[in-house]
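Okay, structure first, notes after.
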Amino acid sequence: MDTVLHYADQFVFDKLYALIWPAYTKHIAGSIVSTWPRDDVWRVCLSLYIITCVFGWLLYFITATLSYYYVFDHDYMKHPKFLKNQIRLEINCAASAVPWMTLLTLPCFAGEIFGKSLLYGDVPKTAFDWIYLILSVPSFLFFTDCGIYWFHRWMHHPRLYRYLHKLHHKWVIPTPFASHAFNPVDGFLQSLPYHLYAYFIPMHKYLYLSMFVFVNFWTVMIHDGEFISHSEIINTSAHHFVHHVYFNYNYGQYFTLWDRIGSSHRQPDNEQYDKELRIDLKTMARQARDADRIENDVLRQSKAKIQ
Ligand SMILES: [Zn+2]
Ligand SMILES: [Zn+2]
């Protein structure tokens, strides 16, 4: 992030802040630059906020739009649980959540800029450095998969669910645009394991940034409704579809490991992998009935637990 901020300062913010705040303006060789110190904590936070928010919107809109047009199975829009104007609702929800999620995430990114995290920028020199760099990928995936599993599972606790996570389950038949359509606090809490990793385990900063982009791609992919992989190890879009329809299963992000340990794994039904069967109106009607029944059970149990 410090490299991104450096170039953003050089090409955008030095000029932008000079134009916005004339009191901090200096004329150098015919151009104006801001005298607001680049390392001022408020300037760093404002710049990080703008970068993260714009980058978050771009990543969401580009990947979700491409996935919607080229991957998402549009036959799912005939499903009885597909809402009227759902695409517009999902986009409104996600686009308005990004600025709030960015605000909550800001202390984590600012801490990285001010050297409080364990991210490093040294070029690997020895064989050990390279092995460590390569092993950082599975380590990051394992750590964050575990964290997201438990945060997500807690979000389904009756005391938290209706306040924080219910919004994401409004989309029983999700599209790629549902990938970031969360309550901002829910979205932030489920992204917290990524930030915690940078503060607990050393990782190369460029690899960390790449993983962050990958995570966003993955989040869109598990909502794309294209069930190609029959994997029992990877938490695929078919697994996440099961989570949205049948609710109490498959809380994981990348792998089925924690769902198996936590007894919440449910392998997708064969009909999900058969194009004709899965868009059959009878299949969809049965899924809708099951989803309604489970939702009613959960609501009843929630009320009983809260009282
Ligand atoms: Zn959930
Ligand atoms: Zn989802």
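In the structure tokens, each chain is lettered A, B, ... as it comes, each chain's residues begin at 1, and ligands are numbered from 1 in order of appearance.
All residues of protein, DNA or RNA that reach within 8 Å of Ser67 of chain A, judged by only C-alpha atoms and not counting those fewer than 3 positions away in the chain, are Thr63, Ala64, Tyr70, Val71, Phe72, Pro176, Val220, Met221 and Asp224 of chain A.
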Export of prior selection with C-alpha atoms as a JSON list (two decimals), in the first residue's frame:
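Here's the written file part.json:
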```json
[["chain", "number", "residue", "atom", "x", "y", "z"],
["A", 63, "THR", "CA", -15.20, -8.11, -11.98],
["A", 64, "ALA", "CA", -18.92, -8.44, -11.13],
["A", 70, "TYR", "CA", -19.76, -13.92, -19.33],
["A", 71, "VAL", "CA", -20.09, -16.47, -16.50],
["A", 72, "PHE", "CA", -23.36, -16.11, -14.55],
["A", 176, "PRO", "CA", -21.97, -11.75, -8.95],
["A", 220, "VAL", "CA", -17.21, -12.58, -6.94],
["A", 221, "MET", "CA", -16.49, -16.08, -8.28],
["A", 224, "ASP", "CA", -21.27, -16.49, -10.14]]
```
Please identify all polymer residues within 6 Å of segment 84-93 of chain A, counting only C-alpha atoms, omitting same-chain residues fewer than 2 positions from it, and present them as a PyMOL selection string.
chain A and resi 95-96+177-178+181
Within 8 Å of ligand 1: each chain A residue with its shortest pair, only C-alpha atoms and all ligand atoms, as a Markdown table:
```
| residue | atom | partner | partner_atom_place_in_ligand_line | distance |
| --- | --- | --- | --- | --- |
| A:His152 | CA | ligand 1 | 1 (Zn) | 6.1 |
| A:Arg153 | CA | ligand 1 | 1 (Zn) | 7.3 |
| A:Met155 | CA | ligand 1 | 1 (Zn) | 7.0 |
| A:His156 | CA | ligand 1 | 1 (Zn) | 6.3 |
| A:His165 | CA | ligand 1 | 1 (Zn) | 6.5 |
| A:Lys166 | CA | ligand 1 | 1 (Zn) | 7.8 |
| A:His168 | CA | ligand 1 | 1 (Zn) | 7.0 |
| A:His169 | CA | ligand 1 | 1 (Zn) | 6.4 |
| A:His243 | CA | ligand 1 | 1 (Zn) | 6.6 |
| A:His244 | CA | ligand 1 | 1 (Zn) | 6.9 |
| A:Phe247 | CA | ligand 1 | 1 (Zn) | 6.6 |
| A:Asn248 | CA | ligand 1 | 1 (Zn) | 7.7 |
| A:Tyr251 | CA | ligand 1 | 1 (Zn) | 6.4 |
```
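Of the listed residues A:Phe212, A:Phe13, A:Trp258, A:Trp218, the one whose atoms come nearest to ligand 2 is A:Trp218, with distances taken using only C-alpha atoms and all ligand atoms.
Here atom CA of Tyr68 of chain A stands at a distance of 27.7 Å from atom CA of Tyr49 of chain A.
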Excluding same-chain residues fewer than 2 positions from Met1 of chain A, what lies within 9 Å of it counting only C-alpha atoms, as a PDB file with C-alpha atoms, in the first residue's frame?
```
ATOM      1  CA  THR A   3       4.052   2.052  -2.955  1.00  0.00           C
ATOM      2  CA  VAL A   4       0.506   2.717  -4.210  1.00  0.00           C
ATOM      3  CA  LEU A   5       0.298   5.761  -1.918  1.00  0.00           C
ATOM      4  CA  HIS A   6       3.704   7.030  -3.111  1.00  0.00           C
ATOM      5  CA  LEU A  48      -5.855   5.980   1.728  1.00  0.00           C
ATOM      6  CA  PHE A 109      -4.273   0.244   6.170  1.00  0.00           C
ATOM      7  CA  GLU A 112       0.541  -0.677   7.550  1.00  0.00           C
ATOM      8  CA  ILE A 113       1.733   2.676   6.151  1.00  0.00           C
ATOM      9  CA  LYS A 205       3.840  -6.394   0.791  1.00  0.00           C
ATOM     10  CA  TYR A 206       3.413  -6.974  -2.970  1.00  0.00           C
ATOM     11  CA  LEU A 209      -1.615  -6.709  -2.155  1.00  0.00           C
TER      12      LEU A 209
END
```
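Minimum distance to ligand 2 across A:Thr256, A:Thr283, A:Asn235, A:Ser117 (counting only C-alpha atoms and all ligand atoms) occurs at A:Asn235.
Comparing A:Asp269, A:Asp39, A:Asp186, A:Asp122 by their smallest distance to ligand 2, the closest is A:Asp186 (using only C-alpha atoms and all ligand atoms).
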Calculated over only C-alpha atoms and all ligand atoms, which of the candidates A:His27, A:Lys170, A:His265, A:Arg159 has the smallest distance to ligand 2?
A:Lys170
As an NGL selection string, please: the residues near Ala23 of chain A (cut-off 12 Å, only C-alpha atoms, same-chain neighbours under 3 positions excluded).
:A and (17-20 or 26-27 or 32-36)
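The alpha helix (DSSP H) portion of segment 93-132 of chain A consists of Cys93, Ala94, Ala95, Ser96, Ala97, Val98, Pro99, Trp100, Met101, Thr102, Leu103, Leu104, Thr105, Leu106, Pro107, Cys108, Phe109, Ala110, Gly111, Glu112, Ile113, Ala127, Phe128, Asp129, Trp130, Ile131 and Tyr132 of chain A, with states taken from DSSP on the backbone.
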For those residues, write C-alpha atoms to a file as a short mmCIF file (atom, residue, chain, number, x, y, z; two decimals), in the first residue's frame.
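So selection_7.cif came out as:
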```cif
data_model
loop_
_atom_site.label_atom_id
_atom_site.label_comp_id
_atom_site.auth_asym_id
_atom_site.auth_seq_id
_atom_site.Cartn_x
_atom_site.Cartn_y
_atom_site.Cartn_z
CA CYS A 93 -26.37 -2.25 -1.54
CA ALA A 94 -22.74 -3.00 -2.52
CA ALA A 95 -21.95 0.45 -3.92
CA SER A 96 -23.26 2.18 -0.80
CA ALA A 97 -21.49 -0.30 1.53
CA VAL A 98 -18.00 0.23 0.02
CA PRO A 99 -17.41 3.77 1.49
CA TRP A 100 -18.43 2.57 4.99
CA MET A 101 -16.37 -0.63 4.76
CA THR A 102 -13.44 1.52 3.63
CA LEU A 103 -13.86 3.79 6.66
CA LEU A 104 -13.82 0.81 9.05
CA THR A 105 -10.78 -0.65 7.28
CA LEU A 106 -8.82 2.61 7.34
CA PRO A 107 -6.99 2.07 10.68
CA CYS A 108 -5.69 -1.30 9.37
CA PHE A 109 -4.27 0.24 6.17
CA ALA A 110 -2.96 3.33 8.00
CA GLY A 111 -1.15 1.06 10.49
CA GLU A 112 0.54 -0.68 7.55
CA ILE A 113 1.73 2.68 6.15
CA ALA A 127 16.54 -19.99 -0.97
CA PHE A 128 14.90 -19.70 2.45
CA ASP A 129 13.48 -16.26 1.52
CA TRP A 130 11.95 -17.72 -1.65
CA ILE A 131 10.53 -20.77 0.13
CA TYR A 132 9.05 -18.48 2.80
#
```
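Atom pair atom CA of Phe143 of chain A / atom CA of Ile201 of chain A has a distance of 9.8 Å (rounded to one decimal).
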Apply DSSP to the backbone of this structure and, from segment 146-291 of chain A, keep only the residues in strand (DSSP E or B); write these as a ChimeraX atom specification.
/A:203-204,234,255
Quick one: write out the picked residues with C-alpha atoms as an mmCIF file, in the first residue's frame?
```cif
data_model
loop_
_atom_site.group_PDB
_atom_site.id
_atom_site.type_symbol
_atom_site.label_atom_id
_atom_site.label_comp_id
_atom_site.auth_asym_id
_atom_site.auth_seq_id
_atom_site.Cartn_x
_atom_site.Cartn_y
_atom_site.Cartn_z
ATOM 1 C CA MET A 203 4.360 -11.329 4.455
ATOM 2 C CA HIS A 204 5.835 -9.563 1.438
ATOM 3 C CA ILE A 234 -12.557 -26.371 -2.561
ATOM 4 C CA PHE A 255 -11.921 -24.755 1.399
#
```
When you count only C-alpha atoms and all ligand atoms, which of these residues is closest to ligand 2: A:Leu83, A:Leu167, A:Leu66, A:Val41?
A:Leu167
